[in-house]
Structure formats: structure tokens, C-alpha cells
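A.B. asks: Please find my_file-v2.cif (mmCIF, C-alpha atoms) on the next line:
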data_final
#
loop_
_atom_site.group_PDB
_atom_site.id
_atom_site.type_symbol
_atom_site.label_atom_id
_atom_site.label_comp_id
_atom_site.auth_asym_id
_atom_site.auth_seq_id
_atom_site.Cartn_x
_atom_site.Cartn_y
_atom_site.Cartn_z
ATOM 1 C CA MET A 1 28.897 -24.666 -19.948
ATOM 2 C CA SER A 2 25.660 -23.151 -18.712
ATOM 3 C CA VAL A 3 23.413 -21.116 -20.962
ATOM 4 C CA THR A 4 24.032 -18.074 -18.757
ATOM 5 C CA ILE A 5 27.824 -18.290 -19.161
ATOM 6 C CA LEU A 6 27.546 -18.906 -22.906
ATOM 7 C CA ARG A 7 25.263 -15.913 -23.304
ATOM 8 C CA ALA A 8 27.643 -13.764 -21.283
ATOM 9 C CA ILE A 9 30.486 -14.744 -23.601
ATOM 10 C CA GLN A 10 28.362 -13.943 -26.651
ATOM 11 C CA ILE A 11 27.455 -10.516 -25.272
ATOM 12 C CA ALA A 12 31.065 -9.776 -24.385
ATOM 13 C CA LEU A 13 32.287 -10.738 -27.845
ATOM 14 C CA LEU A 14 29.615 -8.702 -29.579
ATOM 15 C CA ALA A 15 30.458 -5.727 -27.398
ATOM 16 C CA LEU A 16 34.067 -6.051 -28.468
ATOM 17 C CA VAL A 17 33.498 -6.501 -32.178
ATOM 18 C CA LEU A 18 30.301 -4.819 -33.292
ATOM 19 C CA PRO A 19 31.224 -1.191 -32.474
ATOM 20 C CA VAL A 20 34.418 -1.600 -34.465
ATOM 21 C CA THR A 21 32.491 -3.294 -37.273
ATOM 22 C CA ALA A 22 30.026 -0.433 -37.411
ATOM 23 C CA GLN A 23 32.874 2.055 -37.530
ATOM 24 C CA ALA A 24 34.498 0.098 -40.330
ATOM 25 C CA GLN A 25 31.289 0.168 -42.333
ATOM 26 C CA SER A 26 30.602 3.868 -41.810
ATOM 27 C CA SER A 27 34.080 5.410 -41.861
ATOM 28 C CA ALA A 28 36.419 5.973 -44.753
ATOM 29 C CA PRO A 29 39.026 3.197 -44.772
ATOM 30 C CA ALA A 30 41.850 5.734 -44.519
ATOM 31 C CA GLU A 31 40.415 6.963 -41.198
ATOM 32 C CA LEU A 32 40.119 3.530 -39.634
ATOM 33 C CA VAL A 33 42.997 1.628 -41.165
ATOM 34 C CA PRO A 34 46.493 3.049 -40.716
ATOM 35 C CA LEU A 35 47.904 1.168 -43.691
ATOM 36 C CA ASN A 36 51.448 1.991 -42.660
ATOM 37 C CA THR A 37 50.992 -0.029 -39.461
ATOM 38 C CA TYR A 38 48.596 -2.798 -40.585
ATOM 39 C CA THR A 39 50.559 -6.011 -41.061
ATOM 40 C CA ASP A 40 49.134 -9.012 -42.857
ATOM 41 C CA TYR A 41 49.575 -12.566 -41.700
ATOM 42 C CA ALA A 42 51.287 -14.148 -44.696
ATOM 43 C CA ILE A 43 52.868 -17.473 -45.531
ATOM 44 C CA GLY A 44 55.190 -18.184 -48.428
ATOM 45 C CA SER A 45 58.042 -16.366 -50.082
ATOM 46 C CA ASP A 46 58.005 -12.575 -50.135
ATOM 47 C CA THR A 47 59.367 -12.835 -53.685
ATOM 48 C CA ALA A 48 56.717 -15.270 -54.926
ATOM 49 C CA PRO A 49 55.430 -14.341 -58.394
ATOM 50 C CA LEU A 50 51.808 -14.453 -57.221
ATOM 51 C CA GLU A 51 50.046 -13.175 -54.097
ATOM 52 C CA ILE A 52 46.646 -14.520 -53.089
ATOM 53 C CA ILE A 53 44.699 -12.765 -50.336
ATOM 54 C CA GLU A 54 41.757 -14.624 -48.831
ATOM 55 C CA TYR A 55 38.994 -12.861 -46.944
ATOM 56 C CA ALA A 56 37.395 -15.578 -44.850
ATOM 57 C CA SER A 57 35.335 -16.112 -41.742
ATOM 58 C CA PHE A 58 35.982 -18.852 -39.223
ATOM 59 C CA ALA A 59 32.187 -19.132 -38.899
ATOM 60 C CA CYS A 60 31.710 -19.681 -42.648
ATOM 61 C CA PRO A 61 31.122 -23.338 -43.706
ATOM 62 C CA ALA A 62 32.117 -22.527 -47.296
ATOM 63 C CA CYS A 63 35.441 -21.188 -45.998
ATOM 64 C CA LYS A 64 36.009 -24.388 -44.054
ATOM 65 C CA ASN A 65 35.233 -26.425 -47.167
ATOM 66 C CA TRP A 66 37.733 -24.385 -49.177
ATOM 67 C CA HIS A 67 40.429 -24.955 -46.597
ATOM 68 C CA ASP A 68 39.614 -28.669 -46.447
ATOM 69 C CA GLN A 69 39.551 -29.166 -50.210
ATOM 70 C CA VAL A 70 41.927 -26.550 -51.636
ATOM 71 C CA TRP A 71 44.359 -25.349 -48.975
ATOM 72 C CA SER A 72 45.460 -28.943 -48.403
ATOM 73 C CA TRP A 73 47.153 -28.999 -51.834
ATOM 74 C CA LEU A 74 47.646 -25.286 -52.475
ATOM 75 C CA LYS A 75 50.081 -24.930 -49.570
ATOM 76 C CA PRO A 76 52.450 -27.815 -50.401
ATOM 77 C CA GLU A 77 52.292 -27.375 -54.186
ATOM 78 C CA PHE A 78 52.403 -23.616 -54.547
ATOM 79 C CA VAL A 79 53.078 -21.864 -51.224
ATOM 80 C CA ASP A 80 55.814 -24.098 -49.851
ATOM 81 C CA THR A 81 57.530 -24.170 -53.260
ATOM 82 C CA GLY A 82 57.810 -20.391 -53.416
ATOM 83 C CA ARG A 83 55.331 -19.731 -56.219
ATOM 84 C CA VAL A 84 52.499 -18.224 -54.125
ATOM 85 C CA ARG A 85 52.494 -15.865 -51.158
ATOM 86 C CA PHE A 86 49.247 -16.402 -49.263
ATOM 87 C CA VAL A 87 47.543 -13.895 -46.959
ATOM 88 C CA LEU A 88 44.582 -14.651 -44.685
ATOM 89 C CA ARG A 89 42.350 -11.769 -43.565
ATOM 90 C CA PRO A 90 39.564 -13.004 -41.243
ATOM 91 C CA ILE A 91 36.357 -10.983 -41.105
ATOM 92 C CA VAL A 92 33.117 -11.430 -39.157
ATOM 93 C CA THR A 93 30.041 -13.200 -40.520
ATOM 94 C CA PRO A 94 27.108 -14.718 -38.588
ATOM 95 C CA PRO A 95 27.219 -16.138 -36.034
ATOM 96 C CA ASN A 96 29.314 -13.110 -35.141
ATOM 97 C CA GLU A 97 30.467 -14.368 -31.755
ATOM 98 C CA VAL A 98 31.987 -17.506 -33.319
ATOM 99 C CA ALA A 99 33.744 -15.618 -36.112
ATOM 100 C CA ALA A 100 35.082 -13.039 -33.651
ATOM 101 C CA ALA A 101 36.199 -15.488 -30.965
ATOM 102 C CA SER A 102 37.989 -17.648 -33.525
ATOM 103 C CA ALA A 103 39.686 -14.671 -35.173
ATOM 104 C CA ILE A 104 40.882 -13.515 -31.755
ATOM 105 C CA MET A 105 42.151 -17.002 -30.911
ATOM 106 C CA ALA A 106 44.201 -17.006 -34.136
ATOM 107 C CA GLU A 107 45.544 -13.562 -33.233
ATOM 108 C CA CYS A 108 46.366 -14.807 -29.762
ATOM 109 C CA ALA A 109 48.518 -17.594 -31.220
ATOM 110 C CA GLY A 110 50.879 -14.998 -32.689
ATOM 111 C CA PRO A 111 52.493 -14.683 -36.123
ATOM 112 C CA ASP A 112 54.581 -17.858 -35.911
ATOM 113 C CA ARG A 113 51.588 -20.109 -35.232
ATOM 114 C CA TYR A 114 48.859 -18.082 -36.914
ATOM 115 C CA PHE A 115 48.277 -20.423 -39.850
ATOM 116 C CA GLU A 116 48.506 -23.495 -37.653
ATOM 117 C CA ALA A 117 45.859 -21.931 -35.415
ATOM 118 C CA SER A 118 43.695 -21.041 -38.404
ATOM 119 C CA GLY A 119 43.708 -24.621 -39.650
ATOM 120 C CA LEU A 120 42.769 -25.956 -36.234
ATOM 121 C CA LEU A 121 39.954 -23.408 -35.910
ATOM 122 C CA PHE A 122 38.463 -24.425 -39.245
ATOM 123 C CA ASP A 123 38.756 -28.064 -38.152
ATOM 124 C CA ALA A 124 36.972 -27.211 -34.899
ATOM 125 C CA GLN A 125 34.142 -25.285 -36.577
ATOM 126 C CA PRO A 126 31.637 -28.206 -36.492
ATOM 127 C CA ASP A 127 32.437 -28.891 -32.827
ATOM 128 C CA ILE A 128 31.901 -25.227 -31.951
ATOM 129 C CA PHE A 129 28.539 -25.177 -33.740
ATOM 130 C CA ASP A 130 27.496 -28.468 -32.106
ATOM 131 C CA ALA A 131 28.398 -27.122 -28.660
ATOM 132 C CA ILE A 132 26.334 -23.993 -29.271
ATOM 133 C CA ARG A 133 23.322 -25.963 -30.536
ATOM 134 C CA ASN A 134 23.473 -28.388 -27.623
ATOM 135 C CA GLN A 135 24.313 -25.745 -24.991
ATOM 136 C CA GLY A 136 27.598 -27.503 -24.451
ATOM 137 C CA ASP A 137 31.092 -26.428 -23.469
ATOM 138 C CA VAL A 138 31.938 -23.915 -26.198
ATOM 139 C CA LEU A 139 34.889 -22.524 -24.280
ATOM 140 C CA GLY A 140 36.142 -26.054 -23.839
ATOM 141 C CA VAL A 141 36.407 -26.429 -27.624
ATOM 142 C CA TYR A 142 38.409 -23.215 -27.844
ATOM 143 C CA HIS A 143 40.624 -24.290 -24.959
ATOM 144 C CA GLY A 144 41.264 -27.567 -26.794
ATOM 145 C CA VAL A 145 42.451 -25.603 -29.825
ATOM 146 C CA GLY A 146 44.507 -23.345 -27.594
ATOM 147 C CA ALA A 147 46.229 -26.308 -25.957
ATOM 148 C CA ASN A 148 47.657 -27.270 -29.358
ATOM 149 C CA ILE A 149 49.035 -23.824 -30.177
ATOM 150 C CA GLY A 150 50.355 -22.663 -26.821
ATOM 151 C CA VAL A 151 47.403 -20.460 -25.822
ATOM 152 C CA SER A 152 46.298 -21.104 -22.248
ATOM 153 C CA PRO A 153 42.720 -20.438 -21.074
ATOM 154 C CA GLU A 154 44.021 -17.408 -19.202
ATOM 155 C CA ALA A 155 45.810 -16.085 -22.287
ATOM 156 C CA PHE A 156 42.699 -16.565 -24.422
ATOM 157 C CA SER A 157 40.582 -14.720 -21.856
ATOM 158 C CA ALA A 158 43.067 -11.850 -21.887
ATOM 159 C CA CYS A 159 43.030 -11.732 -25.686
ATOM 160 C CA LEU A 160 39.230 -11.581 -25.723
ATOM 161 C CA GLN A 161 39.430 -8.498 -23.507
ATOM 162 C CA ASP A 162 42.214 -6.821 -25.491
ATOM 163 C CA PRO A 163 40.761 -3.858 -27.467
ATOM 164 C CA ALA A 164 43.630 -4.086 -29.964
ATOM 165 C CA LYS A 165 42.440 -7.532 -31.043
ATOM 166 C CA SER A 166 38.899 -6.360 -31.829
ATOM 167 C CA GLN A 167 40.259 -3.172 -33.414
ATOM 168 C CA ARG A 168 42.272 -5.272 -35.832
ATOM 169 C CA ILE A 169 39.112 -7.140 -36.843
ATOM 170 C CA GLY A 170 37.488 -3.806 -37.628
ATOM 171 C CA GLU A 171 40.524 -2.744 -39.650
ATOM 172 C CA THR A 172 40.365 -5.955 -41.656
ATOM 173 C CA ILE A 173 36.668 -5.368 -42.317
ATOM 174 C CA ALA A 174 37.528 -1.892 -43.573
ATOM 175 C CA LEU A 175 40.079 -3.386 -45.944
ATOM 176 C CA ALA A 176 37.402 -5.810 -47.130
ATOM 177 C CA GLY A 177 35.214 -2.832 -47.965
ATOM 178 C CA THR A 178 38.039 -1.275 -49.958
ATOM 179 C CA ASP A 179 38.464 -4.550 -51.860
ATOM 180 C CA GLU A 180 34.689 -4.767 -52.499
ATOM 181 C CA VAL A 181 34.319 -8.079 -50.699
ATOM 182 C CA ALA A 182 30.702 -9.223 -50.951
ATOM 183 C CA GLY A 183 30.934 -12.563 -49.159
ATOM 184 C CA THR A 184 33.265 -15.238 -47.874
ATOM 185 C CA PRO A 185 35.475 -16.663 -49.068
ATOM 186 C CA THR A 186 36.644 -13.935 -51.435
ATOM 187 C CA PHE A 187 40.075 -13.817 -53.045
ATOM 188 C CA VAL A 188 42.219 -10.925 -54.185
ATOM 189 C CA ILE A 189 44.604 -12.263 -56.809
ATOM 190 C CA ASP A 190 47.389 -10.290 -58.420
ATOM 191 C CA GLY A 191 45.972 -7.128 -56.850
ATOM 192 C CA GLN A 192 42.397 -7.480 -58.146
ATOM 193 C CA THR A 193 39.359 -8.920 -56.383
ATOM 194 C CA LEU A 194 37.866 -12.083 -57.819
ATOM 195 C CA ASN A 195 34.074 -11.870 -57.538
ATOM 196 C CA ARG A 196 31.037 -13.800 -58.655
ATOM 197 C CA ALA A 197 28.598 -12.283 -61.133
ATOM 198 C CA MET A 198 25.600 -13.236 -63.253
ATOM 199 C CA ILE A 199 26.311 -12.522 -66.918
ATOM 200 C CA ASP A 200 24.025 -13.726 -69.703
ATOM 201 C CA GLY A 201 22.207 -15.894 -67.184
ATOM 202 C CA GLU A 202 25.402 -17.639 -66.126
ATOM 203 C CA ALA A 203 27.156 -17.428 -62.760
ATOM 204 C CA ILE A 204 30.808 -16.766 -63.539
ATOM 205 C CA LEU A 205 33.948 -15.367 -61.944
ATOM 206 C CA VAL A 206 34.842 -11.747 -62.645
ATOM 207 C CA TRP A 207 38.324 -10.300 -62.180
ATOM 208 C CA GLY A 208 39.157 -6.644 -62.672
ATOM 209 C CA GLY A 209 35.564 -5.967 -63.731
ATOM 210 C CA GLU A 210 35.712 -8.444 -66.599
ATOM 211 C CA PRO A 211 34.869 -12.157 -66.921
ATOM 212 C CA LEU A 212 37.859 -14.301 -66.040
ATOM 213 C CA ILE A 213 38.797 -16.137 -69.223
ATOM 214 C CA VAL A 214 40.986 -19.236 -68.924
ATOM 215 C CA ASN A 215 41.919 -21.157 -72.035
ATOM 216 C CA GLY A 216 39.216 -19.354 -73.974
ATOM 217 C CA GLU A 217 36.324 -20.016 -71.604
ATOM 218 C CA ARG A 218 34.662 -18.268 -68.713
ATOM 219 C CA LEU A 219 35.221 -19.891 -65.365
ATOM 220 C CA PRO A 220 32.116 -20.837 -63.368
ATOM 221 C CA ALA A 221 31.523 -19.056 -60.055
ATOM 222 C CA ASN A 222 32.957 -21.606 -57.679
ATOM 223 C CA TYR A 223 36.175 -22.104 -55.757
ATOM 224 C CA GLY A 224 36.262 -25.877 -55.919
ATOM 225 C CA GLU A 225 39.486 -27.829 -56.257
ATOM 226 C CA ASP A 226 39.574 -28.082 -60.063
ATOM 227 C CA ASN A 227 38.442 -24.518 -60.676
ATOM 228 C CA PHE A 228 40.857 -23.009 -58.183
ATOM 229 C CA ARG A 229 43.782 -24.947 -59.634
ATOM 230 C CA ARG A 230 42.954 -23.526 -63.050
ATOM 231 C CA ILE A 231 42.834 -20.030 -61.535
ATOM 232 C CA VAL A 232 46.248 -20.377 -59.878
ATOM 233 C CA LEU A 233 47.884 -21.860 -62.973
ATOM 234 C CA HIS A 234 46.337 -19.136 -65.127
ATOM 235 C CA PHE A 235 47.835 -16.343 -63.051
ATOM 236 C CA LEU A 236 51.167 -18.126 -62.901
ATOM 237 C CA ASN A 237 51.055 -18.506 -66.692
ATOM 238 C CA GLU A 238 51.360 -22.263 -66.302
ATOM 239 C CA SER A 239 49.256 -25.239 -67.337
ATOM 240 C CA ASP A 240 48.346 -28.627 -65.924
ATOM 241 C CA SER A 241 51.035 -30.162 -68.107
ATOM 242 C CA ASP A 242 53.636 -28.213 -66.112
ATOM 243 C CA GLN A 243 52.783 -30.062 -62.931
#
Represent the structure of the file as C-alpha cells.

C.D. replies:
Amino acid sequence: MSVTILRAIQIALLALVLPVTAQAQSSAPAELVPLNTYTDYAIGSDTAPLEIIEYASFACPACKNWHDQVWSWLKPEFVDTGRVRFVLRPIVTPPNEVAAASAIMAECAGPDRYFEASGLLFDAQPDIFDAIRNQGDVLGVYHGVGANIGVSPEAFSACLQDPAKSQRIGETIALAGTDEVAGTPTFVIDGQTLNRAMIDGEAILVWGGEPLIVNGERLPANYGEDNFRRIVLHFLNESDSDQ
């Protein structure tokens, strides 16, 4: 893809997303987000004892790492077995055009293939970045993802031009503001946001405004495989011995 075409795509995506983002940041969430019509993309049982909401960006390497290292076991062990209902809310982080285009591609796949699309988009993240750095065929990478989830190039182009798709991104950003999301990935667990904080010179996880204590100790501020398993088991009132 030529530099001119790539730049045109970037400008078009920014024009779609940034006005909505600005509105989300400056307006009261109740004005921007009609909560009675906003529908999450969720996977897992509606009666699961635990709900985990992830705020992520498809342009965030840490989010990709989490999905590579944690989602690979969280889904079969806890989501597919009915113990966790999982919600993904994609927001925009730099590079904005990548985060926005990927979020719109996932939207374009529809509810039935949304999580399949999300996984493929995280897998494709390095290829997208490489294509941008090398002035390569960025759209070609997206079209390759689309070919696996039933989204044609024409359908993707139409989705990129659909104001409802960019509006939804802005609504999700507004929800992130309500949930006090400071970065990606961020998780809302059992209705409270799990954040990182420095307390007594130590970077730890804070939940509900207090240090998250698991088995008598504060959990360090990371979402690695071992730490996240302890978090899930803690909120399910289980232990490793139960596995």
C-alpha cells in the first residue's frame, strides 16, 4: 500500500473516532452512553458466579500479551465451564488508527464471531505494526483477518464509514471513564475496578479502593498468568487445590 493511501486511511479513522473520543472525555457519561441500549459483547454463562470486564486496546502490546498468556487458559478453565462471564470493551490507545480500525473490524464481525475476531486481531497486531513501519499493505493484514471471520473488504470499508461503529467506541470510552480506567488492560471484577497503585513504595493491585489481599498478602501490580489465576480463584472463593 502506498504511503498516500495509508495516510488517507489514518486520517479517515481519526476523523471517525477522535470527535467521539473528545465527546466521551468532556461529557457526562449519562449524556453520551444510553445505558439502556448499550449491549456488551460477552462470553460465558449469564448465571456465572463471577463477571470479569476487560478494558483493552487492540493496539496495546500488554493487552496482546495478556490474551496470549492468560486468555488461553482462562477461557477453557473458567469461561467455558460456566464459572466466569467475560466481557471485552475495546477502547482507543496510540496508535489510535490501529486501535480504532481493529475495534471496528471486531464490531463488523458481529456478536457471534466477536471473540473469534478479537483473538485474530490480537494475533495480527505485530503484522499490523510491521506493515505500518515498513509502509506495507496494512489493509491487506486486515483483509486477511476479515477473510477468516466472514468480513469482506467491501464490508470492512462500509463498517469503517459507519458512524454507529465509531459512536460505540466513544460510548465504551465513556464507560471506561465511569469505571476509572487509567490504562490497558484494566479489569472490573465483581463490579469493582482493579487498579495498580504505589503503597509503601510497593506497586500493588487495589480493588474497591483497598489493597487486594489474597491469602494474607498483597498482590503485586501485574496481570501475569500466576497472579491472574490467584485473582480469579480468590473471587470465586476457591484455591489451587480445587483445580

A.B. asks: Just want the 12 Å neighbourhood of Gly144 of chain A, counted on only C-alpha atoms, with same-chain residues fewer than 6 positions away dropped. Output as a list in words.

C.D. replies: Met105, Ala117, Leu120, Leu121, Asp123, Ala124, Asp127, Ile128, Asp137, Val138, Gly150, Val151, Ser152, Pro153 and Phe156 of chain A

A.B. asks: Take atom CA of Ala62 of chain A and atom CA of Gly224 of chain A and report the distance between them in Å, one decimal.

C.D. replies: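 Distance between the two atoms: 10.1 Å.
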
A.B. asks: With a distance cut-off of 10 Å and all atoms listed in the file, select the neighbouring residues of segment 201-218 of chain A, excluding the residue or stretch itself and same-chain residues fewer than 2 positions from it, and output the selection as a PyMOL selection string.

C.D. replies: chain A and resi 187-199+220-223+230-231+233-235+239

A.B. asks: Report the distance between atom CA of Val84 of chain A and atom CA of Ala42 of chain A in Å, rounded to one decimal place.

C.D. replies: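 Taking atom CA of Val84 of chain A and atom CA of Ala42 of chain A, their separation equals 10.3 Å.
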
A.B. asks: Of the residues A:Asn148, A:Thr47, A:Ser102, A:Thr178, which is the one nearest to Leu160 of chain A, using all atoms listed in the file?

C.D. replies: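 Smallest separation from Leu160 of chain A among the options: A:Ser102.
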
A.B. asks: With distances taken over all atoms listed in the file, which residue among A:Thr184, A:Gln69, A:Ser157, A:Asn134 lies nearest Ala56 of chain A?

C.D. replies: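 Ranking A:Thr184, A:Gln69, A:Ser157, A:Asn134 by distance to Ala56 of chain A, first place goes to A:Thr184.
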
A.B. asks: I'd like the interatomic distance between atom CA of Arg168 of chain A and atom CA of Glu107 of chain A, to a tenth of an Å.

C.D. replies: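 Atom-to-atom, atom CA of Arg168 of chain A to atom CA of Glu107 of chain A, that is 9.3 Å.
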
A.B. asks: Ranking A:Ser45, A:Glu116, A:Glu225, A:Gln125 by minimum distance to Trp71 of chain A and counting all atoms listed in the file, which one comes first?

C.D. replies: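 Result for the nearest residue to Trp71 of chain A: A:Glu225.
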
A.B. asks: Please determine, counting all atoms listed in the file, which residue among A:Pro76, A:Pro185, A:Gly119, A:Gly177 has the shortest atom-to-atom distance to Thr93 of chain A.

C.D. replies: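 For Thr93 of chain A, the nearest of the candidates is A:Pro185.
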
A.B. asks: Could you pull the residues within 9 Å of Pro94 of chain A, counting all atoms listed in the file, minus those fewer than 4 positions along the same chain, as a VMD selection string?

C.D. replies: chain A and resid 57 59 to 60 98 to 99

A.B. asks: Closest to Phe78 of chain A among A:Asp200, A:Asn237, A:Arg133, A:Gly44, using all atoms listed in the file?

C.D. replies: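 Checking each candidate against Phe78 of chain A, we get A:Gly44 as the closest.
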